[in-house]
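Asks: Sending over a structure as structure tokens; questions will come in a sec.
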Amino acid sequence: MKYPEVAPMVLGETVIPSGSTKTVDLQIARLLSGTLIHMPVHVFRSDRPGPTLLLSGGLHGDEVNGIEAVRRMMSLGLFDNLECGSVIALPIINVYGFLFFSRDVPDGKDVNRSFPGSPQGSLASLVAHTLSDKVLPHVDLGVDFHTGGASRTNYPQIRYDPEDSEAVACAKAFGAPMSLASSLIPGSLRAQASSMGIPIVVYEGGESMRLEEHSVKEAIRGTKRLLSTLGMLSQEPPKVRGLKDRRGRHSAPRHLNQTTWLRAEASGLFSFERESGQAIAEGELIGRIRNPYDSYSVKVLAPFDGFIVGHNNMPLVHRGDALFHLGHESDWPSGVGSSS
């Protein structure tokens with residue numbers, strides 16, 4: 001794909017020339033105390049034409065692995081000498097949620113269900129509007145970093161829109177240990193970006209409010225591979241590492257579809273025998289639910305051959321609670337339509 005000649009980028013009221021690096025503080029709103037809240041946006045620009053890649057974390061304020069991944073990439077100087085194009089690094093989108101250790105903003109709304117937002121809307125809508133109006137118009141493609149929520153962990157994975165050929169290509173270039181087709185959710189950042197012709201894939205790794213080094217490192221490794229594929233990074237990209245087998249050795253990366261949640265058939269104390277990233281066989285014991293008074297024990301059995309995408313770390317569960325997110329291995333989609 002050919003990109004136009006490099007021109008100054010105007011973000012808010014700040015002009016960012018080619019070959020420069022700047023941090024722009026976009027004003028969002030004020031807290032009840034009157035404290036002004038900004039969204040810091042870090043821009044790294046080459047002096048040669050190329051794509052503009054958005055790397056964003058903290059859309060849910062308690063998902064710290066994504067925040068740390070973007071922060072660490074900046075700290076490592078990964079974007080300081082780009083071969084071409086630009087990187088817009090946004091470590092924390094939902095500053096409100098981050099301050100309050102919360103997935104959502106203080107009024108309880110989810111920013112990732114509030115796009116495109118409104119300048120007269122709620123806090124979540126204001127955050128979404130700022131991103132939609134001031135940041136996304138400069139973006140060609142992006143990776144949005146997330147973790148599992150509500151005491152659930154996700155094995156490092158990339159999720160993409162199977163109807164968007166550019167998103168498929170982006171997911172393949174990222175090379176996560178696990179890849180999943182995932183339809184767009186109305187009101188989400190991905191859906192808003194798609195409506196603007198911008199493919200964004202979602203990286204999931206680890207659990208909210210828990211810093212997990214493996215997930216952070218895989219996020220960085222995948223971003224390096226993507227930058228290399230885009231011609232933005234000259235160094236040799238990291239080799240792709242897949243899931244671990246039963247002996248702890250890395251096997252091939254896996255592409256999954258038809259994912260489903262295996263739910264608790266009883267209430268009690270939950271312990272897992274198998275965990276995220278591991279292969280399972282139909283009928284295999286992967287967990288147990290025990291009554292606190294030891295009056296019963298219920299086996300949790302794998303319903304099919306496949307892989308564990310994510311699992312519940314909560315030791316106390318009720319009947320119907322999600323225990324394991326499971327998926328079947330499949331081929332990558334072929335013959336997808338053009339991106340929209």
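As shown in the structure tokens, the chain order sets the letters A, B, ...; within each chain, residues go from 1, and ligands are also counted from 1 in the order they appear.
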List as a VMD selection string the protein and nucleic acid residues near range 69-85 of chain A, meaning an atom at most 7 Å away when only C-alpha atoms are counted, but skip any in the same chain fewer than 6 places from it.

Replies: chain A and resid 44 to 52 55 57 91 216 219 to 220 231 to 234

Asks: Determine which residues of range 181-296 of chain A DSSP labels as helix (DSSP H, G or I) from the backbone of this structure, then write them out as JSON, numbers by chain.

Replies: {"A": [189, 190, 191, 192, 193, 194, 195, 213, 214, 215, 216, 217, 218, 219, 220, 221, 222, 223, 224, 225, 226, 227, 228, 229]}

Asks: Can you list every residue of range 219-302 of chain A that has an atom at most 12 Å from range 187-205 of chain A, with its nearest atom pair and the distance in Å to one decimal, using only C-alpha atoms, ordered by chain then number, as a Markdown table?

Replies:
| residue | atom | partner | partner_atom | distance |
| --- | --- | --- | --- | --- |
| A:Ala219 | CA | A:Tyr203 | CA | 7.2 |
| A:Ile220 | CA | A:Tyr203 | CA | 10.6 |
| A:Arg221 | CA | A:Tyr203 | CA | 11.8 |
| A:Gly222 | CA | A:Tyr203 | CA | 9.2 |
| A:Thr223 | CA | A:Tyr203 | CA | 9.9 |
| A:Leu226 | CA | A:Val201 | CA | 11.4 |
| A:Ser276 | CA | A:Gly205 | CA | 10.3 |
| A:Gly277 | CA | A:Gly205 | CA | 10.8 |

Asks: Hey, which of A:Leu326, A:Ser271, A:Ala29, A:Met9 ends up closest to Val139 in chain A? Count only C-alpha atoms.

Replies: A:Met9

Asks: Using only C-alpha atoms, which of A:Thr147, A:Ser297, A:Asn94, A:Ser179 sits nearest Ala124 in chain A?

Replies: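 Distance minimum relative to Ala124 in chain A lands on A:Asn94.
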
Asks: Name all residues at most 12 Å from Ile280 in chain A (count only C-alpha atoms; drop same-chain ones fewer than 6 positions away) and give them as JSON, numbers by chain.

Replies: {"A": [245, 246, 273, 274, 286, 287, 301, 302, 303, 304, 305, 306, 307, 308, 309, 324, 325, 326, 327, 328, 329]}

Asks: Using the selection just defined, write its residues with C-alpha atoms as an mmCIF file, in the first residue's frame.

Replies:
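Contents of selection-v1.cif, as written:
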data_model
loop_
_atom_site.group_PDB
_atom_site.id
_atom_site.type_symbol
_atom_site.label_atom_id
_atom_site.label_comp_id
_atom_site.auth_asym_id
_atom_site.auth_seq_id
_atom_site.Cartn_x
_atom_site.Cartn_y
_atom_site.Cartn_z
ATOM 1 C CA ASP A 245 2.392 -28.620 25.436
ATOM 2 C CA ARG A 246 1.960 -30.848 28.480
ATOM 3 C CA GLU A 273 -6.707 -29.052 36.834
ATOM 4 C CA ARG A 274 -5.975 -27.465 33.445
ATOM 5 C CA ILE A 286 -10.055 -30.087 33.808
ATOM 6 C CA GLY A 287 -11.496 -28.923 37.146
ATOM 7 C CA LEU A 301 -14.950 -32.458 32.132
ATOM 8 C CA ALA A 302 -13.815 -31.155 28.754
ATOM 9 C CA PRO A 303 -16.771 -31.308 26.321
ATOM 10 C CA PHE A 304 -14.562 -31.643 23.210
ATOM 11 C CA ASP A 305 -10.992 -31.705 21.921
ATOM 12 C CA GLY A 306 -9.616 -28.187 21.807
ATOM 13 C CA PHE A 307 -7.766 -25.515 23.758
ATOM 14 C CA ILE A 308 -8.405 -23.362 26.815
ATOM 15 C CA VAL A 309 -8.645 -19.702 25.784
ATOM 16 C CA PHE A 324 -13.389 -22.122 31.151
ATOM 17 C CA HIS A 325 -13.409 -20.367 27.773
ATOM 18 C CA LEU A 326 -12.814 -23.132 25.224
ATOM 19 C CA GLY A 327 -12.194 -23.168 21.492
ATOM 20 C CA HIS A 328 -11.836 -25.554 18.551
ATOM 21 C CA GLU A 329 -8.756 -25.349 16.357
#

Asks: Suppose you want the space between CA of Gly320 in chain A and CA of Asn154 in chain A; what is it in Å?

Replies: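 Taking CA of Gly320 in chain A as the start and CA of Asn154 in chain A as the end point, the length is 19.5 Å.
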
Asks: What are the DSSP strand (DSSP E or B) residues of range 174-277 of chain A, as a PyMOL selection string?

Replies: chain A and resi 178-181+200-207+210+244+250+254-263+268-272

Asks: Of the residues A:Asp62, A:Glu275, A:Asp140, A:Asp104, which is the one nearest to Leu123 in chain A, using only C-alpha atoms?

Replies: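 Nearest candidate to Leu123 in chain A out of A:Asp62, A:Glu275, A:Asp140, A:Asp104: A:Asp104.
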
Asks: Could you tell me how far CA of Val95 in chain A sits from CA of Leu36 in chain A, in Å to one decimal place?

Replies: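 CA of Val95 in chain A lies at a distance of 11.1 Å from CA of Leu36 in chain A.
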
Asks: I'd like to know which of A:Leu227, A:Leu180, A:Ala279, A:Leu316 is closest to Leu256 in chain A, using only C-alpha atoms.

Replies: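 Of A:Leu227, A:Leu180, A:Ala279, A:Leu316, the one nearest Leu256 in chain A is A:Leu180, counting only C-alpha atoms.
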